[in-house]
Structure formats: structure tokens, C-alpha cells
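One structure is given here, and the rest of the page talks about it.
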There are 2 protein chains.
Amino acid sequence: MTMKDVALAAGVGVGTVSRALSGNGHVSEATRQRVLVAAEALTYRPSALGRGLKLRRTDTLGLVIADITNQFYGELAAGVLGAAKAVGKHVIVCATNEDADNEREYLDLLVRQRVEAIIAVPVCTHAEAWQDAVALGIRLVFVDRTVDGLATPTVVADNVGGSYEATAHLLRLGHRRIAFLGGPTSKSTGRLREEGFRRAHREAGVEIDERILRRSRYTWDEAHASALDLLDDRFDATALFAANNILGEAAFMAVRDRGIRIPDDLSLVMFDDIPWSRLTNPALTVVSQPTRDIGQRAVALAADHHLPEGPVVMPTHLVVRDSCRPPLPAKRPRTRQPKASPATQLS
Amino acid sequence: MTMKDVALAAGVGVGTVSRALSGNGHVSEATRQRVLVAAEALTYRPSALGRGLKLRRTDTLGLVIADITNQFYGELAAGVLGAAKAVGKHVIVCATNEDADNEREYLDLLVRQRVEAIIAVPVCTHAEAWQDAVALGIRLVFVDRTVDGLATPTVVADNVGGSYEATAHLLRLGHRRIAFLGGPTSKSTGRLREEGFRRAHREAGVEIDERILRRSRYTWDEAHASALDLLDDRFDATALFAANNILGEAAFMAVRDRGIRIPDDLSLVMFDDIPWSRLTNPALTVVSQPTRDIGQRAVALAADHHLPEGPVVMPTHLVVRDSCRPPLPAKRPRTRQPKASPATQLS
DNA sequence: ATGAAAGCGCTAACAC
DNA sequence: GTGTTAGCGCTTTCAT
């Protein structure tokens with residue numbers, strides 16, 4: 001069923017069919033009806049291939065995320081899909097599983113598909129990997145993580161701020177030995193959230209014990225191993241900050257594995273407000289980021305023709321639930337008591 | 001950068017470029033190199049539009065799911081994406097949010113995109129809604145839910161069996177008043193899981209009190225309201241079976257809201273093994289379905305040219321954790337004590 | 001082995 | 001208003 005068939009059936013030319021069906025150009029009401037009837041009778045559906053080839057436009061977006069199974073990315077994808085639908089575009093979804101080779105392959109695919117824009121959570125943060133995609137004239141928007149040395153629109157959460165706020169919350173409660181389970185330094189999220197953690201300590205005049213920091217890739221297994229390693233190494237921290245939902249889940253399980261009670265023995269804060277954080281007992285205090293908005297914003301940037309100079313930073317906020325409390329003095333035999341200083345008064 | 005440009009640069013015809021790049025047809029090694037060099041120099045990337053139009057083949061799959069934010073569908077999508085990548089196809093993902101209008105629009109989109117197959121969790125289970133898609137020659141595979149009156153390949157979990165097993169587990173523990181929070185009868189999952197629940201009771205010779213059954217759409221708000229309604233209505237059940245992860249999450253929250261303790265006051269079983277079910281306290285006993293496999297299998301069916309006659313039913317299994325225990329006699333003042341019968345011995 | 005040419009389904013420019 | 005036609009980028013005969 002091609003347009004030609006419809007033209008034949010309606011006794012008109014293909015141009016008329018195109019005009020009648022698309023509404024572009026003038027067609028007399030009489031012929032319009034004839035065309036509509038013929039199209040209906042033949043159950044004709046225009047082909048996006050022919051149209052796209054002619055118009056040199058596909059109305060397609062590419063979304064490249066790490067792991068669609070992670071609810072954070074699910075939420076992000078939901079934002080992208082919703083916004084895309086609203087502007088009449090559809091999206092090819094690619095899951096890299098944090099593998100740079102997968103990412104390359106998907107990139108190549110999306111280029112060949114002539115997507116109008118690629119919205120990506122970059123695995124490979126070397127600028128070169130993305131350079132030729134942008135050289136090929138495909139609009140590129142990064143989300144969640146940045147790529148250095150590439151003037152590309154990017155939408156991220158306020159990683160430093162969110163992390164700072166969470167850490168400050170713990171310091172304010174009186175914690176002085178706060179363990180940190182963070183991401184790899186190869187990811188901007190890993191670096192920035194650690195920076196917020198450090199900044200809060202610095203401003204509070206509290207020294208960080210580097211022995212209670214761990215960095216792990218964003219996989220459950222590695223994160224869980226890191227968390228156990230942390231807990232088993234003369235662990236005397238009174239609080240733990242996990243820098244994303246994977247790390248948080250692994251940390252939570254590890255803490256339970258070791259019979260440590262939250263918040264009695266250990267206060268826990270996690271970056272990412274994920275539905276399950278309300279289901280644990282106690283419910284977790286978390287840093288919430290506007291995940292769906294990030295996705296929507298990315299689509300807006302992908303459509304906009306005037307790009308923002310710097311990355312768009314979306315605000316985070318601390319959601320205080322029940323996983324934190326002041327440290328129990330009795331519970332921290334090895335803790336060095338820092339002398340109270342004015343800077344310690346964070347709020 | 002079109003193929004013509006490459007041909008010009010390499011001093012050959014477009015046909016030769018096509019052959020050299022695709023590997024179809026013979027090209028002398030010398031010219032092949034010239035073409036490759038020219039293509040590289042121009043950073044040429046073949047267009048899938050031209051190719052698709054000519055070949056009348058898009059290598060594209062459409063995936064229609066309810067809510068990408070639900071980890072169950074995330075897992076399903078991961079299976080589809082992985083299997084699709086393995087066979088060199090890519091996928092347009094559509095989230096209906098359980099809205100029939102959205103589904104229609106997406107369907108129309110996918111038809112126009114000339115996807116080779118649509119893998120869908122159907123919202124609208126009227127056969128007619130899908131009839132013209134299949135009439136248009138697009139392969140259709142349903143997952144998770146069935147559509148009546150349509151001879152279409154379908155991949156589902158063993159809903160009756162899983163539900164039966166979970167219920168039998170509770171009966172075996174001695175529960176005689178088991179509440180049920182199920183899905184709408186408009187969905188096959190809703191009907192079938194209720195059927196398994198009933199069958200287990202029937203075979204155990206235990207009568208069901210219809211007053212402790214609720215049916216809710218698969219949205220958190222409605223499910224939560226239903227769960228509260230159930231708990232607030234002279235609730236004296238000793239166990240609760242939630243027929244999917246949304247219902248289970250809502251039930252868990254409602255139970256907590258009401259200060260009911262699991263498993264002391266109430267045993268809880270949920271259909272769907274979702275990561276958070278291990279994070280609650282106690283960890284939840286669940287019916288696990290091979291979600292990722294279902295997605296992979298659907299892709300296989302979409303590619304296969306000989307279709308299975310009936311739906312493909314994937315096995316489920318009960319994962320026993322800590323949310324169930326025998327009922328405490330003291331805790332069920334209103335419970336009618338059924339007389340022990342041989343049929344009660346389920347295992 | 002390679003060039004020329006037809007044609008996939010569509011839109012837009014042009015002619016009437 | 002409507003028919004005709006060129007051409008979007010590609011693959012594949014058909015000649016040579």
C-alpha cells in the first residue's frame with residue numbers, strides 16, 4: 001500500500017494525495033474526501049522512510065543510558081519519553097551497561113539512523129569518542145554526567161551541592177567520622193559528589209580520615225564488596241554516605257549483613273531518592289534529584305537551537321527520613337573527639 | 001556526505017562504493033582501499049533511510065510497555081534491548097502509562113516507522129485495536145499480558161501457577177484467612193493470578209471470604225487506597241497476597257501505616273521478585289518470574305518465522321524469605337477454625 | 001570488476 | 001486546485 005495505490009484508487013495524482021493527507025497545500029473538499037476514503041479502504045499508512053528521506057528529517061531521538069534496570073535511569077527515560085512524545089518525536093533507547101564498546105556501537109547505529117539528537121549518559125568521557133558524532137551534525141546532549149573538553153549542552157544535578165548538604169546534615173548531627181562510599185573518579189558524578197563531601201568537612205573544620213573512604217564502580221557486586229571491605233576494616237565510623245542508589249543499596253545490604261543497626265549504630269544517607277528508600281526500616285534519608293525533569297530538560301535542549309553556554313545544573317534537596325541520628329558516644333570508642341569550634345555550627 | 005560524494009572522491013561509481021562498503025559483490029582490493037580511504041576522509045556514514053527504503057527493511061523493533069519506571073518493565077526492556085542488539089536490531093521504546101489513547105498513538109507511530117515487529121504489553125485487550133497492525137503485516141508479540149481473540153504469539157509468566165504456589169505456601173503454613181490484593185479483571189494478569197489464588201484454596205478445601213479480596217488498577221495511589229480499605233474493614237486476615245510489585249509496594253506501605261507487623265501480625269507474599277523485596281525488614285517472600293528471559297524470548301518470537309500456536313508460558317518459582325510464618329492463634333480472634341481435612345495437606 | 005540506471009515512498013516545486 | 005516530475009540515499013540488476 002503506497003501513496004501511488006491511493007492515488008490510483010482515488011483517481012488523482014500522488015501529489016494530491018500527499019496534500020490531502022498532510023494538510024499542506026490546498027485541495028478541494030470533494031477530492032479530499034475521495035482521497036480519505038480511498039486511503040481508508042486500502043488501510044494506507046504513510047511510510048516514515050520515504051518521508052524522512054525526502055524531508056531529511058527523522059523526528060527520532062537517541063537515548064543512551066547505562067542500565068534501564070536501574071530505576072534512576074528508568075525515571076530519566078520516562079522524562080525523555082514523555083517530553084519527546086509531547087513534541088512529536090520518538091526515541092531509540094540504548095543501554096550501554098557502562099561498556100564503552102557498546103556505547104561506540106550504539107553511537108554508530110544512531111548516526112546511521114540519522115537521529116536528530118542523542119541524549120546520553122556518557123560512559124566514555126573522552127571527548128574524542130563523541131567528536132565525530134557532533135562533527136556529523138548530530139545534536140548531542142549529555143545528562144547526569146559531563147564530558148570534559150566538549151562544548152556540549154549538558155543537564156546534571158547539583159552533585160556538589162547535594163552531597164554537601166547531605167554531609168553537612170550528618171556533621172550537624174554531631175558525626176565526626178563519616179564513611180564515604182563513592183563512585184569512580186572517571187565519572188563526574190563520582191568526582192563531584194566526593195567534592196561536596198570534602199567541602200562540607202572543610203567548612204566544618206572536620207578532618208577526613210581517608211581510610212574510611214571507598215570508591216567503587218556503579219555495579220552492585222563491586223559496590224557490595226567495597227562496602228563490606230569498608231565495614232570490616234576496623235570500622236569505627238558513626239555515619240555513612242553512599243553516593244548513589246547502587247552504592248546505597250549495596251551499603252544497606254552490607255550493613256545488614258554485618259548486623260549493624262541503622263540508625264542506632266550507624267547513620268546512613270544516600271544520594272538519589274529512589275522508591276525503595278521509603279520501604280526500608282528505617283526509611284532512608286536521601287538526596288533527591290529531579291530526575292524526570294532532567295530528562296525533560298534534555299529533550300528541550302535537544303530541540304532548542306540556542307544552546308546554553310554552561311551545563312544546566314538542576315537543584316537537589318535533602319529528604320530527611322529516619323536513617324540518621326546523633327552518634328551515641330558509647331558507640332564510638334575509637335573516635336577522636338574534635339574540639340568544638342565555631343565552624344562546627346553549620347546551621 | 002552521501003555515497004555519491006564518496007564515489008566522486010574515490011573516482012568510482014556509487015555502485016562500487018556500495019559494494020565495497022557492504023561487502024556484497026566483488027570489488028578489486030585496490031579500488032576497495034580507495035573507497036575506504038575516501039569514505040574515511042569524508043567521515044561518511046551510510047544512511048539507514050536510503051538503505052531501508054531500498055531494502056524495505058528497517059531492522060527496527062517497537063517495544064510498548066506500560067511504565068518504564070516500574071522495575072519489572074525495566075527488566076523486561078533490558079531483556080528486549082539485549083536480545084535485539086544481539087541480532088542487530090534496535091528498538092523504539094514507548095511508554096503507554098496504561099493509557100489506551102497513548103497506546104493507539106504509539107501503535108500508529110510504529111506502523112508508520114515500518115518497524116519489523118512490535119513487542120507490547122497490551123493496555124487495550126480488545127482484539128480490534130491490534131487487528132489492523134497485524135493486517136498491515138507487522139509482526140506482533142504480546143508479553144506479560146494476553147489479548148483475547150487474537151492468534152498472536154505471546155510470552156507470559158505462569159500466572160496461575162505462581163499464584164497457586166504462593167497461596168499454597170500460605171495455606172501450608174496454616175493460614176485460613178488470606179487477604180488478596182489483585183489486579184483488574186480487564187488484564188489477564190489480574191484474572192489469572194486471582195484464579196491461582198482461588199484454585200489453591202479450592203484444592204485445600206478452604207473457603208474464601210470475598211470480603212477480604214480487593215482489585216485495584218496497577219497504580220500506586222489506587223493500590224494504596226485499596227490496601228488501606230482492606231486493612232480498615234474489620235481486618236482479621238492472617239496473611240496477604242499482593243498480585244504484583246505495585247500492589248505489593250502499596251500493601252507493604254499500608255501495612256506499615258497501620259502499624260501491623262510482618263510477619264508477626266500478618267504474613268505477606270508478593271508476585272514479582274523485584275530488587276527492593278530483599279531490602280525490606282523482613283525480606284519479602286515473592287513469586288519470581290524470569291522477566292528478562294520473557295523479553296529475550298519475545299525478541300526471538302519476533303524474529304522467528306514459524307510461530308508457536310499457543311502462548312509461551314515461562315515458569316515462575318517461589319522465593320521464600322522472611323515475611324511469612326504460621327498464624328498466631330491469639331492474633332486471630334475472629335478467625336473461623338476450619339476443620340482439618342486431608343486436602344489441607346498441600347505438601 | 002565496474003559503471004549506469006532503475007526504483008524504494010514520499011514531498012515540493014513547477015506547470016497548467 | 002491538481003497532475004507531473006525531480007530527487008532524497010541507497011542497493012541491485014544489467015551491461016560492458
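Simple scheme: letters A, B, ... for chains in C-alpha cells order, numbers from 1 for residues in each chain, numbers from 1 for ligands in the order shown.
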
- Nearby residues (only C-alpha atoms (C1' of nucleotides)) at most 12 Å from B:Val299, same-chain spacing under 4 positions excluded, as number ranges by chain: B: 60-63, 76-91, 116-120, 139-143, 153-155, 292-295, 303-305

Could you make a table, as a tab-separated table, of the residues of chain B that have an atom within 10 Å of an atom of chain C, each with its nearest atom pair and distance in Å to one decimal, counting only C-alpha atoms (C1' of nucleotides), in chain and number order?
residue	atom	partner	partner_atom	distance
B:Val12	CA	C:DG3	C1'	7.9
B:Gly13	CA	C:DG3	C1'	5.8
B:Val14	CA	C:DG3	C1'	8.5
B:Gly15	CA	C:DG3	C1'	7.6
B:Thr16	CA	C:DT2	C1'	6.7
B:Gly25	CA	C:DA1	C1'	9.6
B:His26	CA	C:DA1	C1'	6.9
B:Val27	CA	C:DA1	C1'	6.1
B:Ser28	CA	C:DA1	C1'	6.5
B:Thr31	CA	C:DA1	C1'	9.6
B:Gly50	CA	C:DC8	C1'	8.4
B:Arg51	CA	C:DC8	C1'	9.0
B:Gly52	CA	C:DC8	C1'	8.3
B:Leu53	CA	C:DC8	C1'	4.9
B:Lys54	CA	C:DC8	C1'	4.3
B:Leu55	CA	C:DC8	C1'	7.2
B:Arg56	CA	C:DC8	C1'	7.0

With N, CA and C atoms retained, export the selected residues as a tab-separated table (two decimals), in the first residue's frame.
chain	number	residue	atom	x	y	z
B	12	VAL	N	35.07	6.51	-8.52
B	12	VAL	CA	34.35	5.30	-8.94
B	12	VAL	C	32.86	5.59	-8.97
B	13	GLY	N	32.08	4.62	-9.34
B	13	GLY	CA	30.63	4.78	-9.36
B	13	GLY	C	30.03	4.47	-8.00
B	14	VAL	N	28.82	4.93	-7.78
B	14	VAL	CA	28.18	4.69	-6.48
B	14	VAL	C	27.97	3.21	-6.21
B	15	GLY	N	27.70	2.47	-7.27
B	15	GLY	CA	27.51	1.04	-7.10
B	15	GLY	C	28.73	0.39	-6.49
B	16	THR	N	29.87	0.80	-6.95
B	16	THR	CA	31.13	0.26	-6.43
B	16	THR	C	31.31	0.62	-4.98
B	25	GLY	N	29.02	-8.40	-3.25
B	25	GLY	CA	29.53	-8.24	-4.61
B	25	GLY	C	31.05	-8.09	-4.60
B	26	HIS	N	31.65	-8.27	-5.75
B	26	HIS	CA	33.12	-8.27	-5.80
B	26	HIS	C	33.68	-6.92	-6.18
B	27	VAL	N	34.72	-6.56	-5.48
B	27	VAL	CA	35.44	-5.32	-5.76
B	27	VAL	C	36.93	-5.64	-5.66
B	28	SER	N	37.70	-5.13	-6.57
B	28	SER	CA	39.15	-5.39	-6.51
B	28	SER	C	39.71	-4.72	-5.26
B	31	THR	N	40.61	-0.88	-5.57
B	31	THR	CA	39.52	0.09	-5.51
B	31	THR	C	38.86	0.08	-4.14
B	50	GLY	N	17.95	5.73	3.32
B	50	GLY	CA	18.08	5.30	1.93
B	50	GLY	C	18.11	3.78	1.84
B	51	ARG	N	18.91	3.20	2.70
B	51	ARG	CA	19.04	1.75	2.72
B	51	ARG	C	17.71	1.08	3.02
B	52	GLY	N	17.05	1.57	4.03
B	52	GLY	CA	15.78	0.97	4.42
B	52	GLY	C	14.73	1.09	3.33
B	53	LEU	N	14.72	2.22	2.69
B	53	LEU	CA	13.73	2.43	1.65
B	53	LEU	C	13.96	1.44	0.51
B	54	LYS	N	15.20	1.29	0.15
B	54	LYS	CA	15.53	0.37	-0.95
B	54	LYS	C	15.27	-1.08	-0.56
B	55	LEU	N	15.74	-1.43	0.62
B	55	LEU	CA	15.65	-2.83	1.06
B	55	LEU	C	14.29	-3.18	1.62
B	56	ARG	N	13.50	-2.18	1.90
B	56	ARG	CA	12.21	-2.36	2.52
B	56	ARG	C	12.35	-3.15	3.81

- Task: Extract, using only C-alpha atoms (C1' of nucleotides), all DNA, RNA and protein residues at most 10 Å from A:Arg234, discarding same-chain residues fewer than 4 positions from it, and format them as a PyMOL selection string.
- Result: chain A and resi 211-212+229-230+334

- Can you check which residues of chain D have any atom within 12 Å of chain A? Use only C-alpha atoms (C1' of nucleotides) and format it as a list in words.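 Output check: DG1, DT2, DG3, DT4, DT5, DA6, DG7, DC8, DG9 and DC10 of chain D.
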
- Message: Should the cut-off be 9 Å, what would the residue list for chain A against chain B look like, counting only C-alpha atoms, as a PyMOL selection string?
- Response: chain A and resi 1+43-50+52-53+58+67-78+81-82+85+90-95+106+108-109+111-114+132+135-136+249+252-253+275-281

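Pairwise distance (atom CA of A:Ile274, atom CA of A:Leu240) equals 17.6 Å.
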
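Minimum atom-to-atom distance to A:Leu150, evaluated using only C-alpha atoms, belongs to A:Gly310 out of A:Pro263, A:Gly23, A:Gly137, A:Gly310.
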
- Please provide the set of residues having any atom within 12 Å of B:Leu318, restricted to only C-alpha atoms (C1' of nucleotides), with same-chain residues fewer than 6 positions apart removed, written as a PyMOL selection string. chain B and resi 158-159+161-170+269-273+284-290

Preceding selection exported with N, CA and C atoms as a PDB file, in the first residue's frame:
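Generated output (again-v2.pdb):
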ATOM      1  N   ASP B 158       3.895 -17.919  34.185  1.00  0.00           N
ATOM      2  CA  ASP B 158       2.871 -18.855  34.629  1.00  0.00           C
ATOM      3  C   ASP B 158       2.108 -18.209  35.785  1.00  0.00           C
ATOM      4  N   ASN B 159       1.167 -17.372  35.409  1.00  0.00           N
ATOM      5  CA  ASN B 159       0.475 -16.574  36.415  1.00  0.00           C
ATOM      6  C   ASN B 159      -0.350 -17.417  37.373  1.00  0.00           C
ATOM      7  N   GLY B 161      -0.002 -20.629  37.990  1.00  0.00           N
ATOM      8  CA  GLY B 161       0.884 -21.488  38.764  1.00  0.00           C
ATOM      9  C   GLY B 161       1.620 -20.742  39.866  1.00  0.00           C
ATOM     10  N   GLY B 162       2.142 -19.574  39.537  1.00  0.00           N
ATOM     11  CA  GLY B 162       2.885 -18.801  40.526  1.00  0.00           C
ATOM     12  C   GLY B 162       2.005 -18.383  41.679  1.00  0.00           C
ATOM     13  N   SER B 163       0.834 -17.956  41.316  1.00  0.00           N
ATOM     14  CA  SER B 163      -0.117 -17.502  42.301  1.00  0.00           C
ATOM     15  C   SER B 163      -0.582 -18.675  43.167  1.00  0.00           C
ATOM     16  N   TYR B 164      -0.785 -19.794  42.525  1.00  0.00           N
ATOM     17  CA  TYR B 164      -1.194 -21.007  43.239  1.00  0.00           C
ATOM     18  C   TYR B 164      -0.133 -21.387  44.263  1.00  0.00           C
ATOM     19  N   GLU B 165       1.093 -21.369  43.804  1.00  0.00           N
ATOM     20  CA  GLU B 165       2.190 -21.793  44.666  1.00  0.00           C
ATOM     21  C   GLU B 165       2.318 -20.883  45.890  1.00  0.00           C
ATOM     22  N   ALA B 166       2.198 -19.600  45.648  1.00  0.00           N
ATOM     23  CA  ALA B 166       2.304 -18.642  46.753  1.00  0.00           C
ATOM     24  C   ALA B 166       1.183 -18.846  47.761  1.00  0.00           C
ATOM     25  N   THR B 167      -0.015 -19.017  47.235  1.00  0.00           N
ATOM     26  CA  THR B 167      -1.165 -19.203  48.113  1.00  0.00           C
ATOM     27  C   THR B 167      -1.058 -20.522  48.874  1.00  0.00           C
ATOM     28  N   ALA B 168      -0.640 -21.555  48.162  1.00  0.00           N
ATOM     29  CA  ALA B 168      -0.487 -22.867  48.799  1.00  0.00           C
ATOM     30  C   ALA B 168       0.538 -22.798  49.921  1.00  0.00           C
ATOM     31  N   HIS B 169       1.564 -22.008  49.692  1.00  0.00           N
ATOM     32  CA  HIS B 169       2.588 -21.826  50.726  1.00  0.00           C
ATOM     33  C   HIS B 169       1.966 -21.269  52.006  1.00  0.00           C
ATOM     34  N   LEU B 170       1.104 -20.276  51.824  1.00  0.00           N
ATOM     35  CA  LEU B 170       0.445 -19.679  52.990  1.00  0.00           C
ATOM     36  C   LEU B 170      -0.502 -20.671  53.651  1.00  0.00           C
ATOM     37  N   VAL B 269       2.981 -12.084  50.975  1.00  0.00           N
ATOM     38  CA  VAL B 269       3.634 -12.633  49.780  1.00  0.00           C
ATOM     39  C   VAL B 269       3.286 -11.739  48.613  1.00  0.00           C
ATOM     40  N   MET B 270       4.233 -11.549  47.733  1.00  0.00           N
ATOM     41  CA  MET B 270       4.017 -10.670  46.590  1.00  0.00           C
ATOM     42  C   MET B 270       4.395 -11.387  45.301  1.00  0.00           C
ATOM     43  N   PHE B 271       3.666 -11.125  44.262  1.00  0.00           N
ATOM     44  CA  PHE B 271       4.050 -11.604  42.933  1.00  0.00           C
ATOM     45  C   PHE B 271       5.057 -10.601  42.381  1.00  0.00           C
ATOM     46  N   ASP B 272       6.138 -11.089  41.781  1.00  0.00           N
ATOM     47  CA  ASP B 272       7.260 -10.306  41.223  1.00  0.00           C
ATOM     48  C   ASP B 272       8.403 -10.270  42.219  1.00  0.00           C
ATOM     49  N   ASP B 273       9.538 -10.702  41.752  1.00  0.00           N
ATOM     50  CA  ASP B 273      10.744 -10.576  42.569  1.00  0.00           C
ATOM     51  C   ASP B 273      11.473  -9.340  42.072  1.00  0.00           C
ATOM     52  N   LEU B 284      11.007  -9.953  51.774  1.00  0.00           N
ATOM     53  CA  LEU B 284       9.714 -10.492  51.351  1.00  0.00           C
ATOM     54  C   LEU B 284       9.801 -11.826  50.615  1.00  0.00           C
ATOM     55  N   THR B 285       8.877 -12.686  50.938  1.00  0.00           N
ATOM     56  CA  THR B 285       8.684 -13.910  50.172  1.00  0.00           C
ATOM     57  C   THR B 285       7.927 -13.530  48.908  1.00  0.00           C
ATOM     58  N   VAL B 286       8.442 -13.951  47.766  1.00  0.00           N
ATOM     59  CA  VAL B 286       7.869 -13.491  46.491  1.00  0.00           C
ATOM     60  C   VAL B 286       7.770 -14.603  45.466  1.00  0.00           C
ATOM     61  N   VAL B 287       6.968 -14.353  44.456  1.00  0.00           N
ATOM     62  CA  VAL B 287       6.919 -15.219  43.283  1.00  0.00           C
ATOM     63  C   VAL B 287       7.810 -14.580  42.227  1.00  0.00           C
ATOM     64  N   SER B 288       8.831 -15.295  41.841  1.00  0.00           N
ATOM     65  CA  SER B 288       9.785 -14.759  40.876  1.00  0.00           C
ATOM     66  C   SER B 288       9.420 -15.207  39.468  1.00  0.00           C
ATOM     67  N   GLN B 289       9.413 -14.262  38.540  1.00  0.00           N
ATOM     68  CA  GLN B 289       9.220 -14.657  37.155  1.00  0.00           C
ATOM     69  C   GLN B 289      10.470 -14.291  36.361  1.00  0.00           C
ATOM     70  N   PRO B 290      10.783 -15.053  35.333  1.00  0.00           N
ATOM     71  CA  PRO B 290      12.022 -14.829  34.582  1.00  0.00           C
ATOM     72  C   PRO B 290      11.855 -13.654  33.633  1.00  0.00           C
TER      73      PRO B 290
END

- Could you write out, as a ChimeraX atom specification, all the residues of stretch 32-280 of chain B that DSSP marks as strand (DSSP E)? /B:60-65,90-95,117-120,139-143,154-157,178-182,213-215,239-242,267-271
